[in-house]
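Structure file work17.cif (mmCIF, C-alpha atoms) is printed below.
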```
data_upload
#
loop_
_atom_site.label_atom_id
_atom_site.label_comp_id
_atom_site.auth_asym_id
_atom_site.auth_seq_id
_atom_site.Cartn_x
_atom_site.Cartn_y
_atom_site.Cartn_z
CA MET A 1 -12.69 -67.73 -57.61
CA ILE A 2 -12.39 -63.95 -57.20
CA ARG A 3 -8.95 -62.83 -56.23
CA ARG A 4 -9.11 -60.21 -53.50
CA PRO A 5 -6.25 -57.76 -53.14
CA LEU A 6 -4.02 -58.40 -50.14
CA LEU A 7 -4.11 -54.79 -48.98
CA ARG A 8 -7.57 -53.20 -49.06
CA PHE A 9 -6.20 -49.82 -50.13
CA ARG A 10 -6.81 -47.98 -53.30
CA PRO A 11 -3.67 -46.20 -54.54
CA PHE A 12 -4.94 -42.68 -53.66
CA GLN A 13 -5.58 -43.78 -50.09
CA ILE A 14 -2.03 -44.90 -49.47
CA VAL A 15 -0.51 -41.43 -49.07
CA PRO A 16 -2.89 -40.15 -46.38
CA ALA A 17 -2.77 -43.52 -44.66
CA LEU A 18 0.98 -43.21 -44.32
CA VAL A 19 1.05 -39.49 -43.56
CA ALA A 20 -1.65 -39.39 -40.88
CA PRO A 21 0.13 -41.58 -38.31
CA MET A 22 3.31 -39.66 -38.96
CA MET A 23 1.55 -36.38 -38.23
CA VAL A 24 0.12 -37.74 -35.00
CA ALA A 25 3.57 -38.94 -33.97
CA VAL A 26 5.10 -35.56 -34.72
CA ALA A 27 2.33 -33.74 -32.87
CA ALA A 28 2.77 -35.87 -29.79
CA TRP A 29 6.48 -35.36 -29.70
CA ALA A 30 6.65 -31.60 -30.32
CA ALA A 31 3.73 -29.59 -28.87
CA THR A 32 3.39 -26.42 -30.86
CA PRO A 33 2.96 -23.11 -29.06
CA GLN A 34 -0.71 -23.15 -30.08
CA GLU A 35 -1.16 -26.57 -28.53
CA ALA A 36 0.59 -25.38 -25.38
CA GLN A 37 -1.82 -22.43 -25.27
CA LYS A 38 -4.77 -24.74 -25.69
CA ALA A 39 -3.49 -27.09 -22.98
CA ARG A 40 -2.88 -24.14 -20.65
CA HIS A 41 -6.42 -22.91 -21.25
CA GLU A 42 -7.80 -26.34 -20.39
CA HIS A 43 -5.68 -26.51 -17.23
CA TYR A 44 -7.10 -23.21 -16.05
CA GLU A 45 -10.64 -24.32 -16.83
CA GLU A 46 -9.94 -27.38 -14.69
CA LEU A 47 -8.73 -25.05 -11.97
CA GLY A 48 -11.90 -22.96 -12.27
CA GLU A 49 -13.94 -26.12 -11.96
CA ALA A 50 -12.00 -27.04 -8.81
CA PHE A 51 -12.59 -23.62 -7.26
CA LYS A 52 -16.29 -23.91 -8.02
CA ALA A 53 -16.24 -27.34 -6.36
CA VAL A 54 -14.64 -25.83 -3.24
CA ARG A 55 -17.31 -23.13 -3.14
CA ASP A 56 -20.20 -25.52 -3.75
CA ASN A 57 -19.07 -28.22 -1.31
CA SER A 58 -18.05 -26.00 1.59
CA ARG A 59 -21.39 -24.31 2.10
CA GLY A 60 -23.95 -25.27 4.70
CA ASP A 61 -23.62 -27.29 7.89
CA SER A 62 -22.20 -30.49 6.45
CA PRO A 63 -19.50 -29.84 3.86
CA ASN A 64 -18.70 -32.65 1.48
CA TRP A 65 -15.15 -33.33 2.71
CA ALA A 66 -14.41 -36.00 0.10
CA ALA A 67 -15.28 -33.69 -2.78
CA LEU A 68 -13.43 -30.85 -1.08
CA GLU A 69 -10.28 -32.93 -0.75
CA LYS A 70 -10.39 -33.88 -4.42
CA ALA A 71 -10.83 -30.24 -5.42
CA ALA A 72 -8.09 -29.01 -3.06
CA GLN A 73 -5.70 -31.61 -4.52
CA THR A 74 -6.45 -30.35 -8.03
CA VAL A 75 -5.72 -26.81 -6.87
CA LEU A 76 -2.46 -27.87 -5.22
CA GLU A 77 -1.28 -29.73 -8.33
CA ALA A 78 -2.16 -26.80 -10.55
CA SER A 79 -0.22 -24.43 -8.29
CA VAL A 80 2.89 -26.50 -8.92
CA ASP A 81 2.30 -27.45 -12.58
CA GLN A 82 1.60 -23.89 -13.64
CA GLN A 83 5.36 -23.27 -13.61
CA LYS A 84 5.46 -25.36 -16.79
CA TRP A 85 2.54 -23.72 -18.55
CA PHE A 86 4.24 -20.52 -19.66
CA ALA A 87 7.03 -21.64 -21.96
CA LYS A 88 8.68 -18.94 -24.01
CA GLY A 89 6.82 -18.36 -27.25
CA THR A 90 3.36 -19.20 -25.93
CA GLY A 91 2.30 -15.60 -25.46
CA PRO A 92 0.05 -13.46 -27.68
CA GLU A 93 2.62 -13.74 -30.48
CA ALA A 94 1.68 -17.40 -30.91
CA GLY A 95 -2.09 -17.02 -31.01
CA LYS A 96 -5.18 -15.97 -29.14
CA THR A 97 -4.48 -15.95 -25.42
CA ARG A 98 -5.21 -13.77 -22.42
CA ALA A 99 -1.63 -14.22 -21.24
CA LEU A 100 0.02 -10.81 -21.36
CA PRO A 101 3.56 -10.22 -22.70
CA GLU A 102 4.49 -9.01 -19.18
CA ILE A 103 4.68 -12.65 -18.13
CA TRP A 104 7.94 -12.90 -20.06
CA THR A 105 9.12 -9.29 -19.94
CA LYS A 106 8.62 -9.14 -16.17
CA ALA A 107 9.53 -12.73 -15.47
CA ASP A 108 10.67 -12.11 -11.88
CA ASP A 109 7.38 -10.45 -10.95
CA PHE A 110 5.49 -13.27 -12.61
CA THR A 111 7.45 -15.90 -10.74
CA ALA A 112 6.66 -14.08 -7.49
CA ALA A 113 2.96 -14.08 -8.37
CA GLN A 114 3.07 -17.78 -9.13
CA LYS A 115 4.83 -18.37 -5.84
CA MET A 116 2.03 -16.63 -3.99
CA PHE A 117 -0.35 -19.16 -5.50
CA SER A 118 1.84 -22.19 -4.72
CA ASP A 119 2.46 -20.92 -1.16
CA ARG A 120 -1.22 -20.57 -0.38
CA ALA A 121 -2.58 -23.68 -2.11
CA PRO A 122 -1.32 -26.17 0.51
CA LYS A 123 -3.17 -24.26 3.23
CA LEU A 124 -6.47 -25.05 1.56
CA LEU A 125 -5.71 -28.75 1.46
CA ALA A 126 -4.55 -28.68 5.08
CA ALA A 127 -7.79 -27.03 6.22
CA VAL A 128 -9.82 -29.58 4.25
CA GLN A 129 -7.91 -32.50 5.72
CA ALA A 130 -8.38 -31.06 9.21
CA LYS A 131 -12.12 -30.75 8.46
CA ASP A 132 -11.85 -27.12 9.55
CA ALA A 133 -14.79 -25.40 7.83
CA ALA A 134 -13.84 -21.91 8.94
CA GLY A 135 -10.25 -22.61 7.94
CA VAL A 136 -11.38 -23.68 4.48
CA GLN A 137 -13.29 -20.41 4.01
CA ALA A 138 -10.29 -18.40 5.15
CA ALA A 139 -7.83 -20.32 2.99
CA PHE A 140 -10.15 -20.08 0.00
CA LYS A 141 -10.46 -16.32 0.40
CA GLU A 142 -6.69 -15.97 0.70
CA LEU A 143 -6.19 -18.13 -2.38
CA GLY A 144 -8.65 -16.00 -4.32
CA GLY A 145 -6.44 -13.08 -3.45
CA SER A 146 -3.47 -14.78 -5.08
CA CYS A 147 -5.53 -15.43 -8.22
CA LYS A 148 -6.50 -11.77 -8.42
CA ASN A 149 -2.94 -10.67 -7.76
CA CYS A 150 -1.64 -12.50 -10.78
CA HIS A 151 -4.62 -11.83 -13.06
CA ASP A 152 -4.62 -8.10 -12.43
CA ASN A 153 -1.09 -7.81 -13.79
CA PHE A 154 -0.59 -10.69 -16.16
CA ARG A 155 -3.97 -11.56 -17.67
CA ALA A 156 -5.73 -9.44 -20.28
CA PRO A 157 -9.22 -8.24 -19.34
CA GLU A 158 -12.11 -9.92 -21.13
CA MET B 1 -61.96 42.58 -22.79
CA SER B 2 -59.82 40.46 -20.47
CA GLU B 3 -59.14 36.86 -21.24
CA VAL B 4 -60.13 34.30 -18.68
CA PRO B 5 -57.37 31.70 -18.58
CA ALA B 6 -58.64 28.31 -19.64
CA PRO B 7 -59.01 25.91 -16.71
CA PRO B 8 -56.30 23.28 -16.63
CA PRO B 9 -57.38 20.04 -18.23
CA PRO B 10 -58.72 17.48 -15.80
CA ARG B 11 -56.21 15.09 -14.28
CA LEU B 12 -56.72 11.42 -14.70
CA ARG B 13 -55.32 8.87 -12.28
CA VAL B 14 -53.23 6.38 -14.22
CA TRP B 15 -50.50 4.65 -12.23
CA ASP B 16 -50.87 3.56 -8.64
CA VAL B 17 -48.08 3.89 -6.09
CA PRO B 18 -46.77 0.29 -6.29
CA THR B 19 -46.50 0.48 -10.08
CA ARG B 20 -44.63 3.76 -9.95
CA LEU B 21 -42.36 2.61 -7.13
CA VAL B 22 -41.46 -0.57 -8.97
CA HIS B 23 -40.72 1.32 -12.16
CA TRP B 24 -38.27 3.75 -10.62
CA LEU B 25 -36.69 1.21 -8.28
CA LEU B 26 -36.10 -0.97 -11.35
CA VAL B 27 -34.28 1.92 -12.96
CA LEU B 28 -32.13 2.35 -9.86
CA GLY B 29 -31.51 -1.38 -9.51
CA PHE B 30 -30.60 -1.75 -13.17
CA ALA B 31 -28.11 1.11 -12.95
CA LEU B 32 -26.61 -0.30 -9.75
CA SER B 33 -26.32 -3.79 -11.21
CA TRP B 34 -24.68 -2.37 -14.29
CA TRP B 35 -22.11 -0.37 -12.34
CA THR B 36 -21.30 -3.07 -9.81
CA GLY B 37 -21.02 -5.65 -12.58
CA GLU B 38 -18.67 -3.52 -14.65
CA THR B 39 -16.44 -2.62 -11.71
CA GLY B 40 -16.16 -6.15 -10.35
CA ARG B 41 -18.03 -5.41 -7.13
CA LEU B 42 -19.73 -8.74 -7.34
CA GLU B 43 -20.89 -8.94 -3.75
CA TRP B 44 -22.90 -5.73 -4.29
CA HIS B 45 -23.88 -6.95 -7.75
CA ARG B 46 -25.55 -9.98 -6.21
CA TRP B 47 -27.42 -7.80 -3.74
CA SER B 48 -28.72 -5.42 -6.39
CA GLY B 49 -29.64 -8.49 -8.45
CA TYR B 50 -31.65 -9.86 -5.52
CA ALA B 51 -33.39 -6.50 -5.17
CA LEU B 52 -34.30 -6.62 -8.87
CA LEU B 53 -35.54 -10.17 -8.45
CA GLY B 54 -37.83 -9.05 -5.63
CA LEU B 55 -39.11 -6.10 -7.66
CA LEU B 56 -39.80 -8.25 -10.69
CA THR B 57 -41.55 -10.92 -8.65
CA PHE B 58 -43.77 -8.26 -7.16
CA ARG B 59 -44.43 -6.67 -10.58
CA ILE B 60 -45.48 -9.98 -12.08
CA TYR B 61 -47.80 -10.62 -9.13
CA TRP B 62 -49.15 -7.08 -9.51
CA GLY B 63 -49.70 -7.77 -13.17
CA PHE B 64 -52.28 -10.33 -12.16
CA PHE B 65 -53.66 -8.92 -8.93
CA GLY B 66 -52.89 -5.22 -8.96
CA SER B 67 -54.59 -2.08 -10.15
CA SER B 68 -56.29 -2.13 -13.54
CA THR B 69 -53.54 -0.27 -15.37
CA ALA B 70 -50.93 -2.64 -13.97
CA ARG B 71 -52.69 -5.80 -15.07
CA PHE B 72 -51.33 -7.61 -18.11
CA SER B 73 -54.84 -8.71 -19.08
CA ARG B 74 -55.79 -5.06 -19.42
CA PHE B 75 -53.00 -3.76 -21.56
CA VAL B 76 -51.22 -6.57 -23.35
CA ARG B 77 -52.68 -6.70 -26.83
CA GLY B 78 -52.07 -8.63 -30.02
CA PRO B 79 -50.53 -7.37 -33.25
CA LYS B 80 -53.86 -6.27 -34.76
CA THR B 81 -54.45 -3.84 -31.92
CA VAL B 82 -50.89 -2.53 -32.20
CA VAL B 83 -51.55 -1.79 -35.86
CA SER B 84 -54.86 -0.09 -35.06
CA TYR B 85 -52.99 2.05 -32.51
CA LEU B 86 -50.40 3.04 -35.09
CA ARG B 87 -53.22 3.89 -37.50
CA GLY B 88 -54.89 6.03 -34.85
CA THR B 89 -58.03 3.96 -34.59
CA TRP B 90 -57.34 2.47 -31.17
CA ALA B 91 -60.05 3.11 -28.57
CA GLN B 92 -58.21 4.97 -25.85
CA GLN B 93 -57.96 3.61 -22.36
CA PRO B 94 -55.81 4.78 -19.46
CA GLY B 95 -52.42 3.19 -19.02
CA HIS B 96 -50.15 1.58 -21.58
CA ASN B 97 -51.13 1.86 -25.21
CA PRO B 98 -50.64 -1.36 -27.25
CA LEU B 99 -47.18 -0.32 -28.46
CA GLY B 100 -46.06 0.65 -24.98
CA ALA B 101 -47.49 -2.62 -23.75
CA LEU B 102 -45.27 -4.48 -26.18
CA SER B 103 -42.19 -2.74 -24.85
CA VAL B 104 -43.24 -3.52 -21.26
CA VAL B 105 -43.54 -7.21 -22.07
CA VAL B 106 -40.20 -7.25 -23.88
CA MET B 107 -38.44 -5.51 -21.02
CA LEU B 108 -39.97 -7.72 -18.36
CA VAL B 109 -39.09 -10.89 -20.27
CA LEU B 110 -35.53 -9.70 -20.84
CA LEU B 111 -35.11 -8.74 -17.19
CA VAL B 112 -36.40 -12.12 -16.02
CA ALA B 113 -34.02 -13.88 -18.41
CA GLN B 114 -31.13 -11.64 -17.35
CA ILE B 115 -31.65 -12.38 -13.68
CA GLY B 116 -32.37 -16.04 -14.38
CA PHE B 117 -29.04 -16.55 -16.08
CA GLY B 118 -27.28 -14.46 -13.44
CA LEU B 119 -28.50 -16.78 -10.70
CA PHE B 120 -26.67 -19.69 -12.33
CA ALA B 121 -23.64 -17.79 -13.61
CA VAL B 122 -20.05 -18.66 -12.69
CA ASP B 123 -17.12 -16.34 -13.38
CA VAL B 124 -14.09 -17.48 -15.34
CA ASP B 125 -12.07 -18.28 -12.19
CA GLY B 126 -14.84 -20.21 -10.48
CA LEU B 127 -14.50 -17.80 -7.56
CA GLU B 128 -17.65 -15.69 -7.94
CA SER B 129 -21.01 -17.15 -8.81
CA GLY B 130 -24.74 -16.80 -8.52
CA PRO B 131 -26.60 -18.52 -5.68
CA LEU B 132 -28.03 -21.31 -7.81
CA SER B 133 -24.81 -22.12 -9.63
CA LEU B 134 -24.09 -25.01 -7.29
CA TYR B 135 -26.80 -26.95 -9.07
CA VAL B 136 -25.05 -26.79 -12.43
CA SER B 137 -21.63 -27.71 -13.78
CA PHE B 138 -18.78 -25.24 -14.23
CA ASP B 139 -19.32 -25.31 -18.00
CA ALA B 140 -23.05 -24.67 -17.66
CA GLY B 141 -22.35 -21.85 -15.22
CA ARG B 142 -19.89 -20.32 -17.68
CA MET B 143 -22.49 -20.50 -20.42
CA ALA B 144 -25.05 -18.87 -18.10
CA ALA B 145 -22.51 -16.10 -17.48
CA GLU B 146 -22.09 -15.58 -21.20
CA TRP B 147 -25.84 -15.40 -21.76
CA HIS B 148 -26.05 -13.01 -18.79
CA GLU B 149 -23.54 -10.74 -20.52
CA GLY B 150 -25.21 -11.06 -23.91
CA ILE B 151 -28.73 -10.33 -22.72
CA PHE B 152 -27.40 -7.26 -20.91
CA GLU B 153 -26.32 -5.82 -24.25
CA VAL B 154 -29.81 -6.40 -25.65
CA LEU B 155 -31.34 -4.84 -22.53
CA LEU B 156 -29.22 -1.74 -22.98
CA TRP B 157 -30.54 -1.27 -26.50
CA VAL B 158 -34.12 -1.82 -25.38
CA VAL B 159 -33.70 0.66 -22.54
CA ALA B 160 -32.24 3.20 -24.98
CA LEU B 161 -35.21 2.65 -27.27
CA HIS B 162 -37.55 3.06 -24.33
CA VAL B 163 -35.96 6.38 -23.36
CA LEU B 164 -36.09 7.53 -26.98
CA ALA B 165 -39.76 6.65 -27.18
CA ILE B 166 -40.49 8.64 -24.01
CA ALA B 167 -38.57 11.57 -25.49
CA TYR B 168 -40.58 11.27 -28.70
CA TYR B 169 -43.82 11.38 -26.74
CA LEU B 170 -42.58 14.40 -24.82
CA PHE B 171 -41.22 16.53 -27.63
CA VAL B 172 -43.32 15.45 -30.60
CA LYS B 173 -46.63 14.30 -29.16
CA ARG B 174 -46.40 16.68 -26.21
CA GLN B 175 -47.26 13.99 -23.66
CA ASN B 176 -45.08 13.88 -20.54
CA LEU B 177 -45.13 10.18 -19.77
CA ALA B 178 -42.21 10.34 -17.33
CA ALA B 179 -44.05 12.90 -15.21
CA ALA B 180 -47.09 10.65 -15.29
CA MET B 181 -44.97 7.79 -13.99
CA VAL B 182 -43.83 10.02 -11.12
CA ARG B 183 -47.10 11.77 -10.23
CA GLY B 184 -49.34 8.86 -11.12
CA SER B 185 -51.70 11.05 -13.11
CA ARG B 186 -51.83 12.85 -16.41
CA GLU B 187 -53.84 15.58 -18.03
CA PHE B 188 -56.60 14.07 -20.01
CA ASP B 189 -59.65 15.54 -21.61
CA GLY B 190 -61.85 12.72 -22.56
CA GLU B 191 -63.99 9.80 -21.59
CA VAL B 192 -62.14 6.73 -20.46
CA PRO B 193 -62.99 4.00 -18.00
CA PRO B 194 -61.66 4.92 -14.56
CA VAL B 195 -58.67 3.18 -13.07
CA GLU B 196 -59.51 0.63 -10.41
CA GLY B 197 -57.03 0.42 -7.59
CA ALA B 198 -56.08 -2.68 -5.67
CA SER B 199 -56.42 -3.07 -1.92
CA ARG B 200 -53.63 -2.55 0.55
CA LEU B 201 -53.97 -6.18 1.56
CA ARG B 202 -53.21 -7.27 -2.00
CA PHE B 203 -50.16 -5.05 -1.91
CA ILE B 204 -48.92 -6.55 1.36
CA ILE B 205 -49.47 -10.07 0.08
CA GLY B 206 -47.45 -9.21 -3.02
CA VAL B 207 -44.59 -7.82 -0.96
CA ILE B 208 -44.56 -10.94 1.21
CA ILE B 209 -44.55 -13.26 -1.81
CA ALA B 210 -41.72 -11.31 -3.43
CA ALA B 211 -39.68 -11.19 -0.23
CA LEU B 212 -40.13 -14.89 0.53
CA PHE B 213 -39.27 -15.96 -2.99
CA THR B 214 -36.18 -13.77 -3.12
CA TRP B 215 -35.04 -15.02 0.29
CA ALA B 216 -35.51 -18.62 -0.87
CA VAL B 217 -33.35 -17.91 -3.91
CA THR B 218 -30.55 -16.43 -1.80
CA LYS B 219 -30.61 -19.65 0.22
CA ALA B 220 -30.57 -21.65 -3.02
CA PHE B 221 -33.82 -23.27 -1.89
CA ASP B 222 -31.78 -25.16 0.69
CA PHE B 223 -33.33 -24.53 4.10
#
```
Produce structure tokens that represent the structure in this file.
Amino acid sequence: MIRRPLLRFRPFQIVPALVAPMMVAVAAWAATPQEAQKARHEHYEELGEAFKAVRDNSRGDSPNWAALEKAAQTVLEASVDQQKWFAKGTGPEAGKTRALPEIWTKADDFTAAQKMFSDRAPKLLAAVQAKDAAGVQAAFKELGGSCKNCHDNFRAPE
Amino acid sequence: MSEVPAPPPPRLRVWDVPTRLVHWLLVLGFALSWWTGETGRLEWHRWSGYALLGLLTFRIYWGFFGSSTARFSRFVRGPKTVVSYLRGTWAQQPGHNPLGALSVVVMLVLLVAQIGFGLFAVDVDGLESGPLSLYVSFDAGRMAAEWHEGIFEVLLWVVALHVLAIAYYLFVKRQNLAAAMVRGSREFDGEVPPVEGASRLRFIIGVIIAALFTWAVTKAFDF
């Protein structure tokens, strides 16, 4: 009878096998600035996707209200969550990002810009829920203004 | 003994009005699109893009149904003919020489690609986009935008090369091709087949096709 080893590990595999889960655990517990930057980037891409969805679904005679509501919710959540996306140390000093240092050096101005976004976002959702097509266009335009307001001052040009 | 001035060389009709109009309107449209794109005037950028789309649609139609010097079948030639032109053994005909023809094809293809990608492009905030972008995802629209920006760089180089070539013809070969594209004729002392024009009806049909197609695009084919 062939005796099989209890643990199917060769000695050189033991170290990575022990280290890898530890690294995952550490990563999950303490997001590095680079990870925060990456997460922020993905959040904004999600936001871009939502804006596109608002544009695409509000055109024509019969807007897709269900899709619009979903998109407007995403926008509303982002307008609140974005307060958490700009932790100290996640600026250009940490890695490649379009976030400008002014976000932290002019924190009061930045907070005001963020507030413009979070003030206007609920209006979009309200117009969608009221099935007010003209209201949606108006709210969307106003929201776009808040995007531009922040980007002009706090986001690096491409 | 007084010298009788030599008579001016005979003028040869080369480019018809539609071809010349399209050429210079393309220049204008390209410049406008460039400026409006760079300065973020995207509403105007879309309009100048639509104008370019109409012009290109008409030019392609004219390339099949227009005057003889505008037709692709008359001037687009393979590599062997290009070589024979460079060697000086090409049998002259009015209109684009084989090398010029190559540059025309390259520019037309690039312009079509540029506009094509622009129609599907989405900006980074999802706020501004081309009319057909609703048919693609945000990611695909972003990629279209990146290709739109990349092909523009290539176009700039090709346009620069084109201008350099015209300058070369003017200063070295002493042929004023830009004037020919304005006046529609050039001085020519030789035997070449005459240019055949195309009827006004053909022109009107081309304008209608271009206008209808462009309008359909602005409506995203959703009527």
Each residue of chain B with at least one atom at most 9 Å from chain A should appear once, together with its nearest atom pair and the corresponding distance in Å (one decimal); atoms considered: all atoms listed in the file; ordering: chain, then increasing residue number; output as JSON lines.
```
{"residue": "B:Val122", "atom": "CA", "partner": "A:Lys52", "partner_atom": "CA", "distance": 8.0}
{"residue": "B:Asp123", "atom": "CA", "partner": "A:Gly48", "partner_atom": "CA", "distance": 8.5}
{"residue": "B:Val124", "atom": "CA", "partner": "A:Gly48", "partner_atom": "CA", "distance": 6.7}
{"residue": "B:Asp125", "atom": "CA", "partner": "A:Gly48", "partner_atom": "CA", "distance": 4.7}
{"residue": "B:Gly126", "atom": "CA", "partner": "A:Gly48", "partner_atom": "CA", "distance": 4.4}
{"residue": "B:Leu127", "atom": "CA", "partner": "A:Phe51", "partner_atom": "CA", "distance": 6.1}
{"residue": "B:Glu128", "atom": "CA", "partner": "A:Lys52", "partner_atom": "CA", "distance": 8.3}
{"residue": "B:Ser129", "atom": "CA", "partner": "A:Lys52", "partner_atom": "CA", "distance": 8.3}
{"residue": "B:Ser133", "atom": "CA", "partner": "A:Asp56", "partner_atom": "CA", "distance": 8.2}
{"residue": "B:Leu134", "atom": "CA", "partner": "A:Asp56", "partner_atom": "CA", "distance": 5.3}
{"residue": "B:Tyr135", "atom": "CA", "partner": "A:Asp56", "partner_atom": "CA", "distance": 8.6}
{"residue": "B:Ser137", "atom": "CA", "partner": "A:Glu49", "partner_atom": "CA", "distance": 8.1}
{"residue": "B:Phe138", "atom": "CA", "partner": "A:Glu49", "partner_atom": "CA", "distance": 5.4}
{"residue": "B:Asp139", "atom": "CA", "partner": "A:Glu49", "partner_atom": "CA", "distance": 8.1}
{"residue": "B:Asp222", "atom": "CA", "partner": "A:Gly60", "partner_atom": "CA", "distance": 8.8}
```
Query raised in the report: Using all atoms listed in the file, which residues sit within 12 Å of segment 111-113 of chain A once same-chain residues fewer than 6 positions away are excluded, as a ChimeraX atom specification?
Result: /A:79-80,82-84,86,102-105,119-120,143,145-155
Any chance you can output those residues with C-alpha atoms as an mmCIF file, in the coordinates of the input?
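What landed in again.cif:
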```
data_model
loop_
_atom_site.group_PDB
_atom_site.id
_atom_site.type_symbol
_atom_site.label_atom_id
_atom_site.label_comp_id
_atom_site.auth_asym_id
_atom_site.auth_seq_id
_atom_site.Cartn_x
_atom_site.Cartn_y
_atom_site.Cartn_z
ATOM 1 C CA SER A 79 -0.220 -24.430 -8.290
ATOM 2 C CA VAL A 80 2.890 -26.500 -8.920
ATOM 3 C CA GLN A 82 1.600 -23.890 -13.640
ATOM 4 C CA GLN A 83 5.360 -23.270 -13.610
ATOM 5 C CA LYS A 84 5.460 -25.360 -16.790
ATOM 6 C CA PHE A 86 4.240 -20.520 -19.660
ATOM 7 C CA GLU A 102 4.490 -9.010 -19.180
ATOM 8 C CA ILE A 103 4.680 -12.650 -18.130
ATOM 9 C CA TRP A 104 7.940 -12.900 -20.060
ATOM 10 C CA THR A 105 9.120 -9.290 -19.940
ATOM 11 C CA ASP A 119 2.460 -20.920 -1.160
ATOM 12 C CA ARG A 120 -1.220 -20.570 -0.380
ATOM 13 C CA LEU A 143 -6.190 -18.130 -2.380
ATOM 14 C CA GLY A 145 -6.440 -13.080 -3.450
ATOM 15 C CA SER A 146 -3.470 -14.780 -5.080
ATOM 16 C CA CYS A 147 -5.530 -15.430 -8.220
ATOM 17 C CA LYS A 148 -6.500 -11.770 -8.420
ATOM 18 C CA ASN A 149 -2.940 -10.670 -7.760
ATOM 19 C CA CYS A 150 -1.640 -12.500 -10.780
ATOM 20 C CA HIS A 151 -4.620 -11.830 -13.060
ATOM 21 C CA ASP A 152 -4.620 -8.100 -12.430
ATOM 22 C CA ASN A 153 -1.090 -7.810 -13.790
ATOM 23 C CA PHE A 154 -0.590 -10.690 -16.160
ATOM 24 C CA ARG A 155 -3.970 -11.560 -17.670
#
```
Query - Shell of 12 Å around Phe213 of chain B, only C-alpha atoms, local chain residues under 2 positions omitted, as number ranges by chain - result: B: 50-51, 53-58, 61, 206-211, 215-221
Query raised in the report: Smallest atom-to-atom distance to Ser58 of chain A: which of A:Ala36, A:Ala121, A:Ala133, A:Leu76, using all atoms listed in the file?
Result: A:Ala133
Report task. Using the chain letters and numbering of this document, enumerate as a list in words the residues selected by the PyMOL selection byres ((chain A and resi 73) around 10). Result ->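 After applying the PyMOL selection byres ((chain A and resi 73) around 10), what remains is Ala50, Ala67, Leu68, Glu69, Lys70, Ala71, Ala72, Thr74, Val75, Leu76, Glu77, Ala78, Ser79, Ala121, Pro122, Leu124, Leu125 and Val128 of chain A.
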Requested in this report: Extract, using only C-alpha atoms, all DNA, RNA and protein residues at most 10 Å from segment 73-76 of chain B, discarding same-chain residues fewer than 2 positions from it, and format them as a VMD selection string.
Outcome: chain B and resid 63 to 64 67 to 71 78 to 79 81 to 82 93 to 105
Selection result for the PyMOL selection byres ((chain A and resi 97) around 10) on this file, as a PDB file with C-alpha atoms, keeping the file's coordinate frame:
```pdb
ATOM      1  CA  GLN A  34      -0.710 -23.150 -30.080  1.00  0.00           C
ATOM      2  CA  GLN A  37      -1.820 -22.430 -25.270  1.00  0.00           C
ATOM      3  CA  LYS A  38      -4.770 -24.740 -25.690  1.00  0.00           C
ATOM      4  CA  ARG A  40      -2.880 -24.140 -20.650  1.00  0.00           C
ATOM      5  CA  HIS A  41      -6.420 -22.910 -21.250  1.00  0.00           C
ATOM      6  CA  THR A  90       3.360 -19.200 -25.930  1.00  0.00           C
ATOM      7  CA  GLY A  91       2.300 -15.600 -25.460  1.00  0.00           C
ATOM      8  CA  PRO A  92       0.050 -13.460 -27.680  1.00  0.00           C
ATOM      9  CA  GLU A  93       2.620 -13.740 -30.480  1.00  0.00           C
ATOM     10  CA  ALA A  94       1.680 -17.400 -30.910  1.00  0.00           C
ATOM     11  CA  GLY A  95      -2.090 -17.020 -31.010  1.00  0.00           C
ATOM     12  CA  LYS A  96      -5.180 -15.970 -29.140  1.00  0.00           C
ATOM     13  CA  ARG A  98      -5.210 -13.770 -22.420  1.00  0.00           C
ATOM     14  CA  ALA A  99      -1.630 -14.220 -21.240  1.00  0.00           C
ATOM     15  CA  LEU A 100       0.020 -10.810 -21.360  1.00  0.00           C
ATOM     16  CA  ARG A 155      -3.970 -11.560 -17.670  1.00  0.00           C
ATOM     17  CA  ALA A 156      -5.730  -9.440 -20.280  1.00  0.00           C
TER      18      ALA A 156
END
```
Query raised in the report: Please, what distance in Å, to one decimal, runs between atom CA of Ser185 of chain B and atom CA of Ser199 of chain B?
Result: 18.6 Å
Requested in this report: Could you check how far atom CA of Ala113 of chain B sits from atom CA of Arg41 of chain B, in Å to one decimal?
Outcome: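 Result for atom CA of Ala113 of chain B versus atom CA of Arg41 of chain B: 21.3 Å, one decimal.
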As AutoDock Vina command-line options, what would the box around segment 101-113 of chain A look like: edges along x, y and z, 4 Å added on every side, centre and edge lengths in Å to one decimal?
```
--center_x 6.8 --center_y -12.5 --center_z -15.1 --size_x 15.7 --size_y 14.9 --size_z 23.2
```
Requested in this report: For the structure shown, which residues end up in the PyMOL selection byres ((chain B and resi 160-166) around 12)? Put them as a PyMOL selection string, please?
Outcome: chain B and resi 27+99-104+106-107+153-159+167-181
Query - Distance of atom CA of His45 of chain B from atom CA of Ser33 of chain B, expressed in Å to one decimal place - result: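 For atom CA of Ser33 of chain B relative to atom CA of His45 of chain B, the distance reads 5.3 Å.
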Query raised in the report: Residues at most 10 Å from His23 of chain B, counting all atoms listed in the file, excluding those fewer than 2 positions away in the same chain, as a list of chain:residue names?
Result: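 Close residues of His23 of chain B: B:Val17, B:Pro18, B:Thr19, B:Arg20, B:Leu21, B:Leu25, B:Leu26, B:Val27, B:Leu28, B:Gly29, B:Leu55, B:Leu56, B:Arg59, B:Met181, B:Val182.
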**Report entry** Selected residue of minimal separation from Val192 of chain B among B:Leu86, B:Ala91, B:Ala31, B:Val22, counting only C-alpha atoms
**Finding:**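 Ranking B:Leu86, B:Ala91, B:Ala31, B:Val22 by distance to Val192 of chain B, first place goes to B:Ala91.
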